[in-house]
Protein chains: 2
Amino acid sequence: MRRFVVVGHKATASPGFSLKDIPGTSGRMDVLLRCVRAALLVSHGLRQDTVLYLVLLGGPDAPKSLRLRGDALKHLNPDERSTATLVQKALATTTTGPVWQPATPGFDVAAVGFEELLAGLAGSRVVVLDEGGADVRETTLEDHDIVFVVGDHAGLAPDEQAAIARSGATSVRVGPVSLHADDAIAIVHNELDRRRRGPQDS
Amino acid sequence: MRRFVVVGHKATASPGFSLKDIPGTSGRMDVLLRCVRAALLVSHGLRQDTVLYLVLLGGPDAPKSLRLRGDALKHLNPDERSTATLVQKALATTTTGPVWQPATPGFDVAAVGFEELLAGLAGSRVVVLDEGGADVRETTLEDHDIVFVVGDHAGLAPDEQAAIARSGATSVRVGPVSLHADDAIAIVHNELDRRRRGPQDS
């Protein structure tokens, strides 16, 4: 599995944000919604081999994490608003600690923050998308059991960076320009797609 | 200038679509809205060197084209809804044939379709993003005077392909997997960013 973890430092863990002003009422959940599309959707469907985690650290119900599994998701469309309604359903689901609770098919929620989530992924290699890292094109990347950690528009906080360092993570950059998180995810997928050289590669 | 042309075959040229259901009421304008972000925005602002054209071929007011200039745009945010309101303002602007009419700063509209738009860009090299093309990483690409043509979720129509062929265009593919138009644009930008090797490339 390719796994992506996107950290939303102010993204609300409560479902009551407004669909009329997602950026202004959700702690920039819109940044994370765009990552959902980039991580999980291709032209003709879902990336079955990808799991996306969204870490929500904003609001009184934080922390929560969302898990979206490409091999089980239903009802996912590419537009931000419809994805926002799926997120609201997940955030309205009762959570009891670190146990994943199903909200809609393939879409689960748990009351865990970044460090706990990362601990639960122990055993997978952790790679941080960071402008100071090595070039992704020149880095060995497994196509399985790999976790890419992506900051939101505010990057990663010092305690998150410390937790990542303890996990033995390495850092990669996707290019010379600082990009939105969803574009960075698209470029990582492209790099892995190219290396897989499966039957789709003509 | 890097130029991108995205063709929306059913995307409405009329401003009356619903912000509550953009995909269902606008002829999939949402596909094009996502291309706006991918083509023009990076982490800390606008791509000053990029111009994006959206060709709208749907509805009674078609054809129209929108032109968004990275060196002059204002009020552009990354979320789909706010970009949709900018598009609605542009589509409510009176157009008189092929003359670009300013709607908001850096955002212009003209009553032209795909072939006329392409004719107006004569002199620039035309490159079509196509799954059957050569690998973008192995293709010579100018960073200036280059126009990338991108189909929407339905690809390009035969008459559009014929017009492109007459322009002497070449085709490139961004990778082995068929991607959304916005992801394809992000990957092309990344390739050009890497080749530029400007001061941002540490």
# chains A, B, ... in the order shown; residues from 1 in each chain; ligands from 1
>>> select_by_dssp(residues="chain B", states="alpha helix (DSSP H)", output="PyMOL selection string")
chain B and resi 22-25+29-40+80-91+114-120+158-166+181-196
>>> interface_residues(of="chain A", to="chain B", cutoff="9 Å", atoms="only C-alpha atoms", output="number ranges by chain")
A: 19-23, 30-31, 34, 38, 41-44, 78-82, 132, 153, 174-184, 186-187, 190-191, 193-194, 197-202
>>> residues_around(residues="Ala92 in chain B", least_positions_apart="6", cutoff="10 Å", atoms="only C-alpha atoms", output="VMD selection string")
chain B and resid 13 to 16 86 103 109
>>> write_last_selection(atoms="all heavy atoms", output="short mmCIF file (atom, residue, chain, number, x, y, z; two decimals), in the first residue's frame")
data_model
loop_
_atom_site.label_atom_id
_atom_site.label_comp_id
_atom_site.auth_asym_id
_atom_site.auth_seq_id
_atom_site.Cartn_x
_atom_site.Cartn_y
_atom_site.Cartn_z
N ALA B 13 -20.93 28.10 -20.79
CA ALA B 13 -20.46 29.46 -21.04
C ALA B 13 -21.40 30.50 -20.45
O ALA B 13 -21.27 31.69 -20.72
CB ALA B 13 -20.29 29.67 -22.55
N SER B 14 -22.35 30.06 -19.63
CA SER B 14 -23.33 30.94 -19.00
C SER B 14 -23.08 30.97 -17.49
O SER B 14 -22.67 29.96 -16.92
CB SER B 14 -24.75 30.42 -19.26
OG SER B 14 -24.96 30.17 -20.64
N PRO B 15 -23.37 32.12 -16.86
CA PRO B 15 -23.00 32.24 -15.44
C PRO B 15 -23.99 31.62 -14.46
O PRO B 15 -23.72 31.61 -13.26
CB PRO B 15 -22.94 33.76 -15.24
CG PRO B 15 -23.90 34.31 -16.24
CD PRO B 15 -23.84 33.38 -17.44
N GLY B 16 -25.10 31.06 -14.94
CA GLY B 16 -26.17 30.70 -14.01
C GLY B 16 -26.09 29.33 -13.36
O GLY B 16 -27.11 28.79 -12.95
N LEU B 86 -15.54 33.68 -9.40
CA LEU B 86 -14.79 34.49 -10.37
C LEU B 86 -15.20 34.14 -11.80
O LEU B 86 -15.35 35.02 -12.65
CB LEU B 86 -13.28 34.27 -10.20
CG LEU B 86 -12.56 34.90 -9.02
CD1 LEU B 86 -11.08 34.55 -9.07
CD2 LEU B 86 -12.73 36.42 -9.02
N ALA B 103 -12.74 41.09 -16.98
CA ALA B 103 -13.83 40.88 -16.03
C ALA B 103 -13.37 41.30 -14.64
O ALA B 103 -13.92 42.20 -14.02
CB ALA B 103 -14.26 39.42 -16.05
N VAL B 109 -12.41 37.48 -20.77
CA VAL B 109 -13.33 36.57 -21.45
C VAL B 109 -13.51 37.03 -22.90
O VAL B 109 -13.48 38.23 -23.18
CB VAL B 109 -14.69 36.51 -20.71
CG1 VAL B 109 -15.31 37.89 -20.56
CG2 VAL B 109 -15.67 35.54 -21.38
#
>>> residues_around(residues="Glu142 in chain A", least_positions_apart="2", cutoff="9 Å", atoms="only C-alpha atoms", output="NGL selection string")
:A and (2 or 125 or 140 or 144-146 or 192)
>>> residues_around(residues="Val51 in chain B", least_positions_apart="4", cutoff="6 Å", atoms="only C-alpha atoms", output="list in words")
Arg3, Leu68, Arg69 and Gly70 of chain B
>>> write_last_selection(atoms="N, CA, C and O atoms", output="PDB file, in the first residue's frame")
ATOM      1  N   ARG B   3       1.846  28.355 -21.321  1.00  0.00           N
ATOM      2  CA  ARG B   3       0.399  28.497 -21.545  1.00  0.00           C
ATOM      3  C   ARG B   3      -0.253  27.127 -21.498  1.00  0.00           C
ATOM      4  O   ARG B   3       0.284  26.164 -22.046  1.00  0.00           O
ATOM      5  N   LEU B  68      -6.756  33.558 -17.942  1.00  0.00           N
ATOM      6  CA  LEU B  68      -6.292  33.929 -16.603  1.00  0.00           C
ATOM      7  C   LEU B  68      -4.779  34.090 -16.662  1.00  0.00           C
ATOM      8  O   LEU B  68      -4.054  33.143 -16.976  1.00  0.00           O
ATOM      9  N   ARG B  69      -4.313  35.301 -16.354  1.00  0.00           N
ATOM     10  CA  ARG B  69      -2.893  35.626 -16.464  1.00  0.00           C
ATOM     11  C   ARG B  69      -2.252  35.709 -15.085  1.00  0.00           C
ATOM     12  O   ARG B  69      -2.611  36.546 -14.263  1.00  0.00           O
ATOM     13  N   GLY B  70      -1.288  34.837 -14.865  1.00  0.00           N
ATOM     14  CA  GLY B  70      -0.643  34.758 -13.551  1.00  0.00           C
ATOM     15  C   GLY B  70       0.070  36.028 -13.127  1.00  0.00           C
ATOM     16  O   GLY B  70       0.243  36.271 -11.934  1.00  0.00           O
TER      17      GLY B  70
END
